[in-house]
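Beneath this line is the structure, given in C-alpha cells, with notes to follow.
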Amino acid sequence: MNEDKALSVQQIVEALQLEPHVEGGYFKQTFKANGDIVIDTDKGARVTMTSIYYLLTADSPIGHFHKNTSDIMHYFHAGDPITYYLMYPNGDLQQVVLGPDLLAGHTLQFVVKGGVWKASRISTDGIYGYGLIGEAVAPGFEYEDMQLGKTSDLLSDFPQHADLIQSLSRENSAD
C-alpha cells in the first residue's frame, strides 16, 4: 500500500464494517464454515473454521491477554507491525512481530496454539496509525472458547512476566 494512498482508521472500520472487540481493537467475522461437518470438542460441536479481520489502532493499540481453546493462524494485511506476546503454560515467553518488513524480522503469518495466552500491541506513533490482520480459527471460534486474562490471575501464574502482564492485561470478571 502506498503511504500517500493509505486509508484512515475510520475508512477501514467503515469499509470492513468492524466493531469494537472485547479484547481491544476492532473486528468482524468474515467466514464461518457451514456446519455440515463439525468437530466435537470438550465444549461441544464446533464448525471446522471461522475467520475474522482484526484491527488495532493508535487509539486502541492493545489486544489484552486472552487465550483460546482453538489454534489461530494470524495473517498480516496492512499498516504498522503488530507485536504479539505469547505466554506458554510452562512460563516461556515468545515475542513475534507480524508485519510487512521481512528484512527486519517481521513475519507475514504465524500460529498461536490453543491454550497459549496472547496479547498484542502496535506503536501509537506508527506510520499508518493502525495494523490490520486476519485470523483463521480451527476448530471455529465461539466466545465460550475464549478466556480474557484477569491481571491478578496472570500475575499469580506468571510472576516472572509481571511488567508485561501489568501493561497488557486488565482486571475483568471473565472466567
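Labeling convention for the C-alpha cells: chains A, B, ... as they appear, residues from 1 per chain, ligands from 1 in order of appearance.
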
Do you have, as JSON lines, the list of residues of segment 3-81 of chain A lying at most 12 Å from segment 96-119 of chain A, each with its nearest atom pair and that distance in Å to one decimal, counting only C-alpha atoms and ordered by chain then number?
```
{"residue": "A:Glu23", "atom": "CA", "partner": "A:Ala119", "partner_atom": "CA", "distance": 8.9}
{"residue": "A:Gly24", "atom": "CA", "partner": "A:Ala119", "partner_atom": "CA", "distance": 9.8}
{"residue": "A:Gly25", "atom": "CA", "partner": "A:Ala119", "partner_atom": "CA", "distance": 11.5}
{"residue": "A:Leu56", "atom": "CA", "partner": "A:Ala119", "partner_atom": "CA", "distance": 11.5}
{"residue": "A:Pro61", "atom": "CA", "partner": "A:Ala119", "partner_atom": "CA", "distance": 10.7}
{"residue": "A:Ile62", "atom": "CA", "partner": "A:Ala119", "partner_atom": "CA", "distance": 7.3}
{"residue": "A:Gly63", "atom": "CA", "partner": "A:Ala119", "partner_atom": "CA", "distance": 5.3}
{"residue": "A:His64", "atom": "CA", "partner": "A:Ala119", "partner_atom": "CA", "distance": 5.0}
{"residue": "A:Phe65", "atom": "CA", "partner": "A:Ala119", "partner_atom": "CA", "distance": 4.3}
{"residue": "A:His66", "atom": "CA", "partner": "A:Trp117", "partner_atom": "CA", "distance": 5.4}
{"residue": "A:Lys67", "atom": "CA", "partner": "A:Trp117", "partner_atom": "CA", "distance": 4.6}
{"residue": "A:Asn68", "atom": "CA", "partner": "A:Gly114", "partner_atom": "CA", "distance": 5.3}
{"residue": "A:Thr69", "atom": "CA", "partner": "A:Gly114", "partner_atom": "CA", "distance": 4.4}
{"residue": "A:Ser70", "atom": "CA", "partner": "A:Gly114", "partner_atom": "CA", "distance": 4.4}
{"residue": "A:Asp71", "atom": "CA", "partner": "A:Lys113", "partner_atom": "CA", "distance": 4.4}
{"residue": "A:Ile72", "atom": "CA", "partner": "A:Val112", "partner_atom": "CA", "distance": 5.3}
{"residue": "A:Met73", "atom": "CA", "partner": "A:Val111", "partner_atom": "CA", "distance": 4.4}
{"residue": "A:His74", "atom": "CA", "partner": "A:Gln109", "partner_atom": "CA", "distance": 5.3}
{"residue": "A:Tyr75", "atom": "CA", "partner": "A:Gln109", "partner_atom": "CA", "distance": 4.5}
{"residue": "A:Phe76", "atom": "CA", "partner": "A:Leu108", "partner_atom": "CA", "distance": 5.1}
{"residue": "A:His77", "atom": "CA", "partner": "A:Gly99", "partner_atom": "CA", "distance": 8.1}
{"residue": "A:Ala78", "atom": "CA", "partner": "A:Pro100", "partner_atom": "CA", "distance": 7.7}
{"residue": "A:Gly79", "atom": "CA", "partner": "A:Gly99", "partner_atom": "CA", "distance": 7.9}
{"residue": "A:Asp80", "atom": "CA", "partner": "A:Gly99", "partner_atom": "CA", "distance": 6.7}
{"residue": "A:Pro81", "atom": "CA", "partner": "A:Gly99", "partner_atom": "CA", "distance": 4.1}
```

Limited to N, CA, C and O atoms, could you put the picked residues into a file as a CSV table (one decimal), in the first residue's frame?
```
chain,number,residue,atom,x,y,z
A,23,GLU,N,-11.5,-7.7,23.6
A,23,GLU,CA,-10.1,-7.8,24.0
A,23,GLU,C,-9.3,-6.5,23.6
A,23,GLU,O,-8.2,-6.4,23.9
A,24,GLY,N,-10.0,-5.6,22.9
A,24,GLY,CA,-9.3,-4.4,22.4
A,24,GLY,C,-9.4,-4.4,20.9
A,24,GLY,O,-9.5,-5.4,20.2
A,25,GLY,N,-9.2,-3.2,20.3
A,25,GLY,CA,-9.3,-3.1,18.8
A,25,GLY,C,-10.6,-3.3,18.3
A,25,GLY,O,-11.7,-3.1,18.9
A,56,LEU,N,-6.0,-3.2,15.2
A,56,LEU,CA,-5.5,-2.4,16.3
A,56,LEU,C,-5.2,-1.0,15.8
A,56,LEU,O,-4.7,-0.9,14.6
A,61,PRO,N,-4.5,0.5,20.9
A,61,PRO,CA,-3.3,-0.1,20.5
A,61,PRO,C,-3.1,-1.5,21.1
A,61,PRO,O,-2.1,-2.2,20.7
A,62,ILE,N,-3.9,-2.0,22.0
A,62,ILE,CA,-3.6,-3.2,22.8
A,62,ILE,C,-4.7,-4.2,22.6
A,62,ILE,O,-5.9,-3.9,22.7
A,63,GLY,N,-4.3,-5.4,22.2
A,63,GLY,CA,-5.2,-6.6,22.3
A,63,GLY,C,-4.8,-7.3,23.6
A,63,GLY,O,-3.8,-7.9,23.7
A,64,HIS,N,-5.7,-7.2,24.7
A,64,HIS,CA,-5.3,-7.6,26.0
A,64,HIS,C,-5.1,-9.1,26.1
A,64,HIS,O,-5.7,-9.9,25.2
A,65,PHE,N,-4.4,-9.6,27.1
A,65,PHE,CA,-4.1,-11.0,27.2
A,65,PHE,C,-5.4,-11.8,27.3
A,65,PHE,O,-6.4,-11.5,28.0
A,66,HIS,N,-5.4,-12.9,26.5
A,66,HIS,CA,-6.5,-13.8,26.4
A,66,HIS,C,-6.0,-15.1,25.8
A,66,HIS,O,-4.9,-15.2,25.3
A,67,LYS,N,-6.8,-16.2,26.0
A,67,LYS,CA,-6.4,-17.4,25.4
A,67,LYS,C,-7.7,-18.1,24.8
A,67,LYS,O,-8.8,-17.8,25.2
A,68,ASN,N,-7.4,-18.9,23.8
A,68,ASN,CA,-8.5,-19.6,23.1
A,68,ASN,C,-8.2,-21.1,23.2
A,68,ASN,O,-7.1,-21.5,23.4
A,69,THR,N,-9.2,-21.9,23.0
A,69,THR,CA,-9.0,-23.3,23.0
A,69,THR,C,-8.6,-23.8,21.7
A,69,THR,O,-7.9,-24.8,21.5
A,70,SER,N,-8.9,-23.1,20.6
A,70,SER,CA,-8.5,-23.5,19.2
A,70,SER,C,-7.2,-22.9,18.8
A,70,SER,O,-6.8,-21.9,19.4
A,71,ASP,N,-6.6,-23.4,17.8
A,71,ASP,CA,-5.4,-22.9,17.2
A,71,ASP,C,-5.9,-21.7,16.3
A,71,ASP,O,-7.0,-21.7,15.7
A,72,ILE,N,-5.0,-20.7,16.2
A,72,ILE,CA,-5.4,-19.5,15.4
A,72,ILE,C,-4.2,-19.1,14.5
A,72,ILE,O,-3.1,-18.9,15.0
A,73,MET,N,-4.5,-19.1,13.2
A,73,MET,CA,-3.5,-18.6,12.2
A,73,MET,C,-3.7,-17.1,12.0
A,73,MET,O,-4.8,-16.7,11.8
A,74,HIS,N,-2.6,-16.3,12.2
A,74,HIS,CA,-2.7,-14.9,12.0
A,74,HIS,C,-2.0,-14.5,10.7
A,74,HIS,O,-0.9,-15.0,10.4
A,75,TYR,N,-2.6,-13.6,9.9
A,75,TYR,CA,-2.1,-13.1,8.7
A,75,TYR,C,-2.0,-11.6,8.7
A,75,TYR,O,-3.0,-10.9,8.9
A,76,PHE,N,-0.9,-11.0,8.3
A,76,PHE,CA,-0.7,-9.6,8.2
A,76,PHE,C,-1.4,-9.1,6.9
A,76,PHE,O,-1.1,-9.7,5.8
A,77,HIS,N,-2.1,-8.0,7.0
A,77,HIS,CA,-2.7,-7.4,5.8
A,77,HIS,C,-2.2,-6.0,5.4
A,77,HIS,O,-1.9,-5.8,4.3
A,78,ALA,N,-2.2,-5.1,6.4
A,78,ALA,CA,-1.8,-3.7,6.1
A,78,ALA,C,-1.5,-3.0,7.3
A,78,ALA,O,-1.8,-3.3,8.4
A,79,GLY,N,-0.7,-1.8,7.1
A,79,GLY,CA,-0.5,-0.9,8.2
A,79,GLY,C,0.8,-1.2,8.9
A,79,GLY,O,1.8,-1.7,8.3
A,80,ASP,N,0.8,-0.8,10.2
A,80,ASP,CA,2.0,-0.9,11.0
A,80,ASP,C,2.1,-2.3,11.6
A,80,ASP,O,1.1,-3.0,11.7
A,81,PRO,N,3.4,-2.7,11.9
A,81,PRO,CA,3.6,-4.0,12.5
A,81,PRO,C,2.9,-4.1,13.9
A,81,PRO,O,2.7,-3.2,14.6
```

Practice task
Determine the nearest neighbour of Gly91 of chain A from the options A:Thr124, A:Leu154, A:Leu16, A:Leu168, counting only C-alpha atoms.
Solution key: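 Checking each candidate against Gly91 of chain A, we get A:Leu154 as the closest.
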
Practice task
DSSP on the backbone, then: every residue of segment 48-133 of chain A marked strand (DSSP E or B), written as a ChimeraX atom specification.
Solution key: /A:50-57,62-68,71-79,82-87,93-98,107,109-112,117-121,130-133

Output file for the selection above: N, CA and C atoms, as a compact mmCIF listing (two decimals), in the first residue's frame:
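Listing of selection04.txt after writing:
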```txt
# COMPACT_ATOMS: atom_id res chain seq x y z
N THR A 50 -13.47 -20.67 11.37
CA THR A 50 -14.02 -19.32 11.27
C THR A 50 -12.87 -18.38 10.93
N SER A 51 -13.21 -17.18 10.46
CA SER A 51 -12.17 -16.20 10.13
C SER A 51 -12.69 -14.81 10.45
N ILE A 52 -11.74 -13.93 10.85
CA ILE A 52 -12.08 -12.54 11.14
C ILE A 52 -11.03 -11.60 10.58
N TYR A 53 -11.42 -10.33 10.45
CA TYR A 53 -10.48 -9.22 10.36
C TYR A 53 -10.29 -8.73 11.79
N TYR A 54 -9.08 -8.27 12.11
CA TYR A 54 -8.80 -7.70 13.42
C TYR A 54 -7.92 -6.47 13.22
N LEU A 55 -8.30 -5.37 13.84
CA LEU A 55 -7.63 -4.09 13.66
C LEU A 55 -7.24 -3.50 15.00
N LEU A 56 -5.96 -3.18 15.17
CA LEU A 56 -5.50 -2.38 16.29
C LEU A 56 -5.19 -1.00 15.75
N THR A 57 -5.44 0.02 16.57
CA THR A 57 -5.23 1.41 16.14
C THR A 57 -4.42 2.16 17.19
N ILE A 62 -3.92 -1.96 22.04
CA ILE A 62 -3.63 -3.20 22.76
C ILE A 62 -4.75 -4.22 22.57
N GLY A 63 -4.34 -5.44 22.22
CA GLY A 63 -5.21 -6.61 22.31
C GLY A 63 -4.83 -7.28 23.63
N HIS A 64 -5.65 -7.16 24.66
CA HIS A 64 -5.31 -7.62 26.01
C HIS A 64 -5.15 -9.14 26.07
N PHE A 65 -4.39 -9.58 27.07
CA PHE A 65 -4.13 -11.01 27.23
C PHE A 65 -5.42 -11.82 27.26
N HIS A 66 -5.43 -12.87 26.47
CA HIS A 66 -6.53 -13.81 26.41
C HIS A 66 -6.01 -15.12 25.84
N LYS A 67 -6.78 -16.17 26.00
CA LYS A 67 -6.41 -17.43 25.37
C LYS A 67 -7.65 -18.08 24.80
N ASN A 68 -7.43 -18.89 23.79
CA ASN A 68 -8.49 -19.61 23.11
C ASN A 68 -8.20 -21.11 23.20
N ASP A 71 -6.61 -23.45 17.79
CA ASP A 71 -5.44 -22.86 17.16
C ASP A 71 -5.88 -21.69 16.29
N ILE A 72 -5.04 -20.65 16.21
CA ILE A 72 -5.38 -19.47 15.41
C ILE A 72 -4.20 -19.11 14.52
N MET A 73 -4.46 -19.06 13.22
CA MET A 73 -3.47 -18.60 12.24
C MET A 73 -3.70 -17.11 12.03
N HIS A 74 -2.64 -16.30 12.17
CA HIS A 74 -2.70 -14.86 12.01
C HIS A 74 -2.02 -14.48 10.70
N TYR A 75 -2.64 -13.55 9.95
CA TYR A 75 -2.12 -13.10 8.65
C TYR A 75 -2.03 -11.58 8.66
N PHE A 76 -0.87 -11.04 8.31
CA PHE A 76 -0.72 -9.59 8.20
C PHE A 76 -1.36 -9.11 6.90
N HIS A 77 -2.13 -8.00 6.98
CA HIS A 77 -2.75 -7.42 5.78
C HIS A 77 -2.20 -6.04 5.44
N ALA A 78 -2.17 -5.13 6.42
CA ALA A 78 -1.81 -3.75 6.08
C ALA A 78 -1.46 -2.96 7.34
N GLY A 79 -0.74 -1.85 7.12
CA GLY A 79 -0.48 -0.91 8.20
C GLY A 79 0.83 -1.17 8.91
N ILE A 82 2.46 -5.37 14.18
CA ILE A 82 1.84 -5.67 15.46
C ILE A 82 2.75 -6.65 16.19
N THR A 83 3.08 -6.33 17.42
CA THR A 83 3.91 -7.23 18.23
C THR A 83 3.01 -8.09 19.10
N TYR A 84 3.23 -9.40 19.03
CA TYR A 84 2.49 -10.37 19.83
C TYR A 84 3.38 -10.90 20.94
N TYR A 85 2.78 -11.08 22.11
CA TYR A 85 3.45 -11.65 23.27
C TYR A 85 2.70 -12.92 23.64
N LEU A 86 3.39 -14.04 23.61
CA LEU A 86 2.78 -15.34 23.86
C LEU A 86 3.36 -15.93 25.13
N MET A 87 2.48 -16.24 26.09
CA MET A 87 2.90 -16.88 27.34
C MET A 87 2.39 -18.32 27.32
N LEU A 93 8.06 -17.31 27.39
CA LEU A 93 7.52 -16.13 26.72
C LEU A 93 8.12 -16.04 25.33
N GLN A 94 7.30 -15.81 24.34
CA GLN A 94 7.75 -15.63 22.96
C GLN A 94 7.19 -14.31 22.45
N GLN A 95 8.00 -13.60 21.68
CA GLN A 95 7.57 -12.36 21.04
C GLN A 95 7.65 -12.56 19.53
N VAL A 96 6.58 -12.21 18.82
CA VAL A 96 6.51 -12.33 17.36
C VAL A 96 6.01 -11.00 16.81
N VAL A 97 6.65 -10.52 15.76
CA VAL A 97 6.19 -9.28 15.12
C VAL A 97 5.55 -9.66 13.79
N LEU A 98 4.27 -9.36 13.68
CA LEU A 98 3.50 -9.60 12.46
C LEU A 98 3.51 -8.29 11.68
N THR A 107 7.16 -11.26 10.38
CA THR A 107 6.60 -12.42 9.71
C THR A 107 5.23 -12.03 9.16
N GLN A 109 2.80 -14.33 8.65
CA GLN A 109 1.79 -15.19 9.27
C GLN A 109 2.45 -16.04 10.35
N PHE A 110 1.65 -16.43 11.34
CA PHE A 110 2.11 -17.35 12.37
C PHE A 110 0.90 -17.93 13.10
N VAL A 111 1.13 -19.04 13.80
CA VAL A 111 0.07 -19.74 14.52
C VAL A 111 0.26 -19.58 16.02
N VAL A 112 -0.85 -19.34 16.72
CA VAL A 112 -0.89 -19.43 18.17
C VAL A 112 -1.71 -20.67 18.50
N TRP A 117 -1.58 -18.07 26.20
CA TRP A 117 -2.01 -16.69 26.44
C TRP A 117 -1.36 -15.79 25.41
N LYS A 118 -2.13 -14.89 24.82
CA LYS A 118 -1.55 -13.95 23.86
C LYS A 118 -2.08 -12.55 24.10
N ALA A 119 -1.23 -11.59 23.81
CA ALA A 119 -1.59 -10.17 23.81
C ALA A 119 -0.88 -9.55 22.63
N SER A 120 -1.39 -8.42 22.16
CA SER A 120 -0.78 -7.76 21.01
C SER A 120 -0.79 -6.26 21.23
N ARG A 121 0.14 -5.60 20.51
CA ARG A 121 0.24 -4.15 20.66
C ARG A 121 0.87 -3.56 19.40
N TYR A 130 -2.45 2.23 12.40
CA TYR A 130 -3.23 1.01 12.55
C TYR A 130 -2.42 -0.19 12.06
N GLY A 131 -2.85 -1.36 12.50
CA GLY A 131 -2.35 -2.62 11.99
C GLY A 131 -3.55 -3.51 11.73
N LEU A 132 -3.68 -4.02 10.51
CA LEU A 132 -4.82 -4.85 10.12
C LEU A 132 -4.34 -6.26 9.82
N ILE A 133 -4.98 -7.22 10.46
CA ILE A 133 -4.65 -8.63 10.24
C ILE A 133 -5.92 -9.42 9.97
```

Handout entry: Straight-line distance linking atom CA of Asn34 of chain A with atom CA of Thr48 of chain A, stated in Å to one decimal
Key =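 Distance reported for this atom pair: 8.6 Å.
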
Problem - Residue list (alpha helix (DSSP H), DSSP) for chain A, as a list of chain:residue names - result: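 Answer for chain A, restricted to alpha helix (DSSP H): A:Val9, A:Gln10, A:Gln11, A:Ile12, A:Val13, A:Glu14, A:Ala15, A:Leu16, A:Thr151, A:Ser152, A:Asp153, A:Leu154, A:Leu155, A:Ser156, A:Asp157, A:Ala162, A:Asp163, A:Leu164, A:Ile165, A:Gln166, A:Ser167, A:Leu168.
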
Just-selected residues, C-alpha atoms written as a PDB file, in the first residue's frame:
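And here's part25.pdb as it stands now:
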```pdb
ATOM      1  CA  VAL A   9      -8.720   4.149  10.524  1.00  0.00           C
ATOM      2  CA  GLN A  10     -12.304   5.374  10.109  1.00  0.00           C
ATOM      3  CA  GLN A  11     -12.314   4.422   6.419  1.00  0.00           C
ATOM      4  CA  ILE A  12     -11.114   0.900   7.274  1.00  0.00           C
ATOM      5  CA  VAL A  13     -13.631   0.495  10.102  1.00  0.00           C
ATOM      6  CA  GLU A  14     -16.463   1.605   7.807  1.00  0.00           C
ATOM      7  CA  ALA A  15     -15.322  -0.301   4.688  1.00  0.00           C
ATOM      8  CA  LEU A  16     -14.876  -3.581   6.587  1.00  0.00           C
ATOM      9  CA  THR A 151      -4.482  -9.426  35.753  1.00  0.00           C
ATOM     10  CA  SER A 152      -4.310 -10.884  39.271  1.00  0.00           C
ATOM     11  CA  ASP A 153      -4.595 -14.474  37.990  1.00  0.00           C
ATOM     12  CA  LEU A 154      -1.945 -13.951  35.322  1.00  0.00           C
ATOM     13  CA  LEU A 155       0.405 -12.375  37.888  1.00  0.00           C
ATOM     14  CA  SER A 156      -0.112 -15.366  40.165  1.00  0.00           C
ATOM     15  CA  ASP A 157       0.593 -17.855  37.346  1.00  0.00           C
ATOM     16  CA  ALA A 162       4.804  -9.036  35.843  1.00  0.00           C
ATOM     17  CA  ASP A 163       5.719  -5.884  33.896  1.00  0.00           C
ATOM     18  CA  LEU A 164       4.317  -7.248  30.644  1.00  0.00           C
ATOM     19  CA  ILE A 165       1.150  -8.532  32.312  1.00  0.00           C
ATOM     20  CA  GLN A 166       0.559  -5.180  34.015  1.00  0.00           C
ATOM     21  CA  SER A 167       0.816  -3.348  30.683  1.00  0.00           C
ATOM     22  CA  LEU A 168      -1.169  -5.799  28.517  1.00  0.00           C
TER      23      LEU A 168
END
```

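We find atom CA of Ala33 of chain A and atom CA of Glu135 of chain A to be spaced 14.0 Å apart.
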
Practice task
Compare A:Pro139, A:Glu144, A:Ile122, A:Asp59 by their minimum atom-to-atom distance to Gly35 of chain A, counting only C-alpha atoms, and give me the closest one.
Solution key: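 Using only C-alpha atoms, Gly35 of chain A sits closest to A:Pro139.
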
Problem - Top pick for closest residue to Met49 of chain A, considering A:Val137, A:Ser123, A:Met146, A:Gln160 and counting only C-alpha atoms - result: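 The closest residue to Met49 of chain A is A:Val137.
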
Handout entry: Å distance separating atom CA of Asp42 of chain A from atom CA of Glu171 of chain A, one decimal place
Key =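 Calculated distance between atom CA of Asp42 of chain A and atom CA of Glu171 of chain A is 26.5 Å.
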
Problem - Proximity to Arg170 of chain A - best of A:Phe158, A:Asp36, A:Ala138, A:Leu148, only C-alpha atoms - result: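 Checking each candidate against Arg170 of chain A, we get A:Leu148 as the closest.
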
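Of the listed residues (A:Gly140, A:Lys150, A:Thr41, A:Pro89), A:Gly140 comes nearest to Gln29 of chain A; the distances count only C-alpha atoms.
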